[in-house]
Amino acid sequence: MGASFDIGYVFSFLPKLLDTLGVTLLIVAGSLLTGIVAGFLVALPRMYKIPVLRALSGVYLSFFRGTPILIQLFLFYYGLPELLKPLGFDLSRAPVMLFVILAYGLHTGAYAAEMIRASVEAVDRGQVEAAYAAGMTPYQALSRIVLPQALGIAVPVFSNLVIALLKDTSLAFTLGVMEMTGKAQTLGTLTQHFVETYIALALIYLVISFTLEKVLLAAERRLNRHEAREERVVRRFALGKRGSYRAALADIETGKGGGI
Amino acid sequence: MIELKNISKSFWRHEVLRNINLNVETGEVVVILGPSGSGKTTLLRCVNYLEKPAGGEIAVGDFRMDCARAKRGDVLRLRRKTAMVFQQYNLFRHKTALENVMEALLVVKKLPPKEARGRSVSLLEKVGLGDKLDAYPSRLSGGQQQRVGIARALALEPEVILFDEPTSALDPELVGEVLEVIRNIAREGITMIVVTHEMGFARDVANRVVFMDGGVVVEEGTPDEVFQRPREERTKQFLRRITPEANYSI
Amino acid sequence: MQLDISFIWTAFRQILGAIPTTLSITAVSVLVGFLIGAVTALARLYRVPVLSQVSSAYVTFIRGTPMLTHLLLIYFGLPMIIDGLAGHFGWSFRSASIPMIGFAYISFSITAGAYMSEVVRAGLLAVDKGQTEAAHSVGMTTPQALRRILFPQALAAALPNLSNSVIGMLHGSTLAFAVSVVDINAKAQIVASTNWKFFEAYLAAALIFWGLTVLIERSSAWIEKRIGAYNRGGVA
């Protein structure tokens with residue numbers, strides 16, 4: 001099975017894989033945008049308890065969190081053209097990327113919705129009351145007082161969401177999209193140096209995940225700079241490595257426990 | 001002046017306020033006393049519509065509104081004529097002491113930043129926090145946070161400031177500094193309605209004491225009248241329980 | 001092509017046969033993963049020299065890379081190592097005798113271990129330090145305190161997280177198609193391509209996964225309610 005191990009291949013594969021990094025990042029960015037929009041649309045009826053819409057968003061959440069992303073990819077790819085054909089949309093020639101971004105986007109949306117709802121609800125009720133008591137309108141209270149604080153709370157969850165999405169994009173090749181994992185398979189088959197390709201592939205994912213996590217951690221610190229510094233030190237001391245605890249907490253909050 | 005007419009309020013089927021009537025003259029300091037669950041905090045929160053009264057009328061200065069038929073604009077106008085100091089301070093956590101005081105001046109009163117800043121600085125100096133302008137609430141003691149809360153309320157130049165148990169969440173040694181600040185602004189003739197358990201403060205500062213129980217005003221009068229010569233049995237019981245020393249002091 | 005409702009049912013029945021495979025992959029990876037997770041979490045919490053650094057590196061690597069790369073690395077790398085060692089030491093065992101599903105078991109257990117490590121750690125950290133102190137104060141030994149006081153509370157705290165990890169592994173088991181294991185997803189693919197009805201087949205597979213997920217969620221909520229009874233109405 002395959003040729004004998006040669007570390008040199010790992011280095012020569014890195015630049016070749018990085019050629020397709022753009023495709024991977026395009027899927028991540030496109031899905032993230034779709035996901036955040038979908039997340040708001042789904043979270044709002046749940047937060048404001050709008051009857052029918054709330055039930056619908058409940059079904060959406062349950063389905064997208066209750067089925068594997070791989071199945072969702074196939075469902076969108078094969079199902080969407082069939083469902084939309086009777087409505088007069090012909091998707092038979094639509095680019096695969098459209099289905100990929102839609103599937104990942106709506107999948108991410110289910111987790112984003114919970115992130116948004118949980119973060120807004122985590123802001124103390126007294127903050128809104130104080131804003132109202134000062135004569136602010138509901139919109140002013142939301143935009144100036146609640147959302148800025150919710151943002152700081154949401155960042156660790158968001159960080160987890162983005163990294164989970166990045167890892168999930170490794171499945172897009174199943175629909176024939178030539179992103180990094182797809183490229184790695186081609187390289188492996190071509191050279192028979194599978195282990196080296198996948199080591200190179202794993203290294204790239206690791207570096208991107210790590211960078212994303214650090215950047216978002218810095219953003220979180222900045223957004224939460226108003227919280228007591230002593231508390232942060234105590235927390236870090238008690239919990240050892242803070243980064244992974246954040247991630248664990250993030251899992252708790254969105255329910256994205258495993259992640260592929 | 002403030003006028004509350006027939007204010008009523010229920011939570012589910014439990015009547016918390018039953019047709020409360022209360023007038024507060026300009027410059028007057030009214031202290032509301034009563035056991036927990038008597039409806040005193042709810043009444044205070046009704047005055048700026050943080051609780052929606054089921055019925056009645058609220059008048060603040062030249063503005064008058066029918067609670068049952070209040071529109072969004074009415075609620076905003078009412079809130080802009082009143083200010084609230086909360087038991088849990090409720091300072092905006094993501095804003096510094098200075099920004100907390102400036103916030104409403106910028107957003108609600110639409111003052112130019114420079115003017116808002118100047119006014120806020122002098123108010124914070126007045127409550128003794130001139131050296132804490134850029135501190136976030138999480139780095140202030142409870143007493144300091146509450147003093148920022150008072151400065152924030154003063155900044156709005158309201159017709160009345162509502163104090164909801166402003167010292168109840170404080171460590172005992174910090175109560176004094178907050179009461180001192182309230183006492184000072186009371187002397188400046190600012191209209192106040194204060195819900196508190198600090199009897200000494202009530203006796204000292206209040207022009208009038210209102211005793212509530214079971215959602216009604218049981219008795220009201222000058223501190224002397226209510227504390228020394230309570231007429232109602234319920235008032236006497238409450239005072240005996242809350243201030244045993246009242247029996248011996250004079 | 002038109003949606004064939006009745007074929008969804010046909011596909012559904014055919015795919016049902018693959019459920020045990022999916023469940024066995026999930027169960028093995030969750031159980032072995034929990035063991036790995038417990039060991040690495042304790043090593044990190046108690047700062048065991050070497051082991052804690054290795055554990056941290058392991059968790060960081062696994063959480064930073066896709067589960068599919070773990071599977072592919074094990075699938076291609078493990079035989080290389082085994083056969084290399086076998087040749088060197090003259091063993092008769094060869095990697096060819098490892099069944100395909102074995103690679104899924106091994107690789108997914110390693111994946112699950114890293115996520116479980118975080119679950120166990122968060123659970124243990126969620127228990128108030130005063131609890132252990134109180135246990136010691138009434139004369140319990142450390143093992144007694146761990147077993148009778150700390151672990152039960154940590155388990156209750158970790159349960160929602162644990163349930164999410166189980167669901168994550170259930171969904172992750174669909175990757176087994178990459179090593180030719182016929183789980184629910186692979187079966188759906190077979191049914192789809194032999195009948196040329198892709199949408200219907202994947203819809204059936206989605207319904208099965210949805211049902212299984214809801215089942216896990218419900219059971220977890222039920223267990224949580226039972227073992228977490230002491231927590232009712234509390235802040236924690």
# chains A, B, ... in the order shown; residues from 1 in each chain; ligands from 1
>>> residues_around(residues="Leu175 (chain A)", least_positions_apart="2", cutoff="8 Å", atoms="only C-alpha atoms", output="ChimeraX atom specification")
/A:73-74,77,96,100,172-173,177
>>> residues_around(residues="region 55-64 of chain A", least_positions_apart="2", cutoff="10 Å", atoms="only C-alpha atoms", output="PyMOL selection string")
(chain A and resi 39+41-46+49-53+66-69+72+103-104+106-111+113-114) or (chain C and resi 206-207+209-211+213-214)
>>> write_last_selection(atoms="N, CA and C atoms", output="CSV table (one decimal), in the first residue's frame")
chain,number,residue,atom,x,y,z
A,39,GLY,N,-28.7,32.7,11.0
A,39,GLY,CA,-28.7,32.6,12.4
A,39,GLY,C,-29.6,33.7,13.0
A,41,LEU,N,-32.0,35.4,11.5
A,41,LEU,CA,-33.4,35.2,11.1
A,41,LEU,C,-34.1,34.1,11.9
A,42,VAL,N,-33.3,33.1,12.4
A,42,VAL,CA,-33.8,32.0,13.2
A,42,VAL,C,-33.9,32.4,14.6
A,43,ALA,N,-32.9,33.2,15.1
A,43,ALA,CA,-32.8,33.5,16.5
A,43,ALA,C,-33.9,34.5,16.9
A,44,LEU,N,-34.2,35.5,16.0
A,44,LEU,CA,-35.1,36.5,16.4
A,44,LEU,C,-36.5,36.0,16.8
A,45,PRO,N,-37.1,35.2,16.0
A,45,PRO,CA,-38.4,34.7,16.4
A,45,PRO,C,-38.4,33.9,17.7
A,46,ARG,N,-37.2,33.3,18.0
A,46,ARG,CA,-37.1,32.6,19.2
A,46,ARG,C,-37.0,33.5,20.4
A,49,LYS,N,-40.3,35.4,20.7
A,49,LYS,CA,-41.4,34.5,20.9
A,49,LYS,C,-42.6,34.7,20.0
A,50,ILE,N,-42.2,34.8,18.7
A,50,ILE,CA,-43.3,35.0,17.6
A,50,ILE,C,-43.8,33.6,17.3
A,51,PRO,N,-45.1,33.4,17.5
A,51,PRO,CA,-45.7,32.1,17.5
A,51,PRO,C,-45.2,31.2,16.3
A,52,VAL,N,-45.9,31.0,15.3
A,52,VAL,CA,-45.6,30.1,14.1
A,52,VAL,C,-44.1,30.1,13.7
A,53,LEU,N,-43.5,31.3,13.5
A,53,LEU,CA,-42.1,31.4,13.1
A,53,LEU,C,-41.2,30.7,14.1
A,66,GLY,N,-29.4,17.8,13.9
A,66,GLY,CA,-29.7,16.4,14.1
A,66,GLY,C,-29.3,15.5,13.0
A,67,THR,N,-28.7,16.0,11.9
A,67,THR,CA,-28.2,15.2,10.8
A,67,THR,C,-26.8,15.6,10.5
A,68,PRO,N,-26.0,14.6,10.0
A,68,PRO,CA,-24.6,14.8,9.7
A,68,PRO,C,-24.5,15.8,8.5
A,69,ILE,N,-23.4,16.6,8.5
A,69,ILE,CA,-23.2,17.6,7.5
A,69,ILE,C,-23.0,16.9,6.1
A,72,GLN,N,-26.3,16.3,4.7
A,72,GLN,CA,-26.9,17.6,4.3
A,72,GLN,C,-26.3,18.0,2.9
A,103,ALA,N,-25.3,24.6,1.8
A,103,ALA,CA,-25.4,23.5,2.8
A,103,ALA,C,-24.6,23.9,4.1
A,104,TYR,N,-23.3,24.3,3.9
A,104,TYR,CA,-22.5,24.7,5.0
A,104,TYR,C,-23.1,25.9,5.7
A,106,LEU,N,-26.3,27.0,5.9
A,106,LEU,CA,-27.5,26.7,6.7
A,106,LEU,C,-27.2,25.8,7.9
A,107,HIS,N,-26.2,24.9,7.7
A,107,HIS,CA,-25.7,24.1,8.9
A,107,HIS,C,-25.1,25.0,10.0
A,108,THR,N,-24.3,25.9,9.5
A,108,THR,CA,-23.7,26.8,10.5
A,108,THR,C,-24.7,27.8,11.1
A,109,GLY,N,-25.7,28.1,10.3
A,109,GLY,CA,-26.8,29.0,10.8
A,109,GLY,C,-27.5,28.4,12.0
A,110,ALA,N,-27.6,27.1,12.1
A,110,ALA,CA,-28.3,26.5,13.2
A,110,ALA,C,-27.5,26.7,14.5
A,111,TYR,N,-26.2,26.6,14.4
A,111,TYR,CA,-25.4,26.8,15.6
A,111,TYR,C,-25.2,28.3,15.9
A,113,ALA,N,-27.5,30.6,15.4
A,113,ALA,CA,-28.7,31.0,16.0
A,113,ALA,C,-28.7,30.8,17.5
A,114,GLU,N,-28.2,29.7,17.9
A,114,GLU,CA,-28.1,29.4,19.3
A,114,GLU,C,-27.1,30.3,20.0
C,206,ALA,N,-31.2,10.8,6.2
C,206,ALA,CA,-31.3,11.9,7.1
C,206,ALA,C,-32.3,11.7,8.1
C,207,LEU,N,-33.4,11.1,7.7
C,207,LEU,CA,-34.5,10.9,8.7
C,207,LEU,C,-34.0,9.9,9.8
C,209,PHE,N,-30.9,9.4,10.8
C,209,PHE,CA,-29.9,10.2,11.7
C,209,PHE,C,-30.7,11.1,12.6
C,210,TRP,N,-31.7,11.8,12.1
C,210,TRP,CA,-32.4,12.8,12.8
C,210,TRP,C,-33.1,12.1,14.0
C,211,GLY,N,-33.7,10.9,13.7
C,211,GLY,CA,-34.4,10.1,14.8
C,211,GLY,C,-33.4,9.7,15.8
C,213,THR,N,-30.6,11.0,16.6
C,213,THR,CA,-30.1,12.2,17.4
C,213,THR,C,-31.1,12.6,18.4
C,214,VAL,N,-32.4,12.7,18.0
C,214,VAL,CA,-33.4,13.1,18.9
C,214,VAL,C,-33.5,12.1,20.1
>>> residues_around(residues="Leu201 (chain A)", least_positions_apart="5", cutoff="12 Å", atoms="only C-alpha atoms", output="PyMOL selection string")
(chain A and resi 9-21+167+170+179-185+187-188+194-196+206-208) or (chain C and resi 64-70+72-73)
>>> residues_around(residues="Gly113 (chain C)", least_positions_apart="5", cutoff="8 Å", atoms="only C-alpha atoms", output="PyMOL selection string")
chain C and resi 30+32-37
>>> interface_residues(of="chain A", to="chain B", cutoff="6 Å", atoms="only C-alpha atoms", output="PDB file with C-alpha atoms, in the first residue's frame")
ATOM      1  CA  GLY A 126     -30.600  45.250  34.589  1.00  0.00           C
ATOM      2  CA  GLN A 127     -28.567  46.650  31.687  1.00  0.00           C
ATOM      3  CA  ALA A 133     -34.627  54.340  32.692  1.00  0.00           C
ATOM      4  CA  GLY A 135     -34.786  57.340  28.334  1.00  0.00           C
ATOM      5  CA  HIS A 226     -14.074  46.195  30.742  1.00  0.00           C
ATOM      6  CA  GLU A 227     -14.268  43.022  32.838  1.00  0.00           C
ATOM      7  CA  ALA A 228     -12.121  42.936  35.955  1.00  0.00           C
TER       8      ALA A 228
END
>>> atom_distance(atom1="CA of Ala176 (chain C)", atom2="CA of Leu31 (chain C)")
17.6 Å
>>> residues_around(residues="region 15-29 of chain C", least_positions_apart="4", cutoff="10 Å", atoms="only C-alpha atoms", output="PyMOL selection string")
chain C and resi 9-11+33-35+101-102+104-113+166-174+176+181-191+201-202+204-205+208-209+212
>>> atom_distance(atom1="CA of Ala157 (chain C)", atom2="CA of Lys214 (chain A)")
27.5 Å
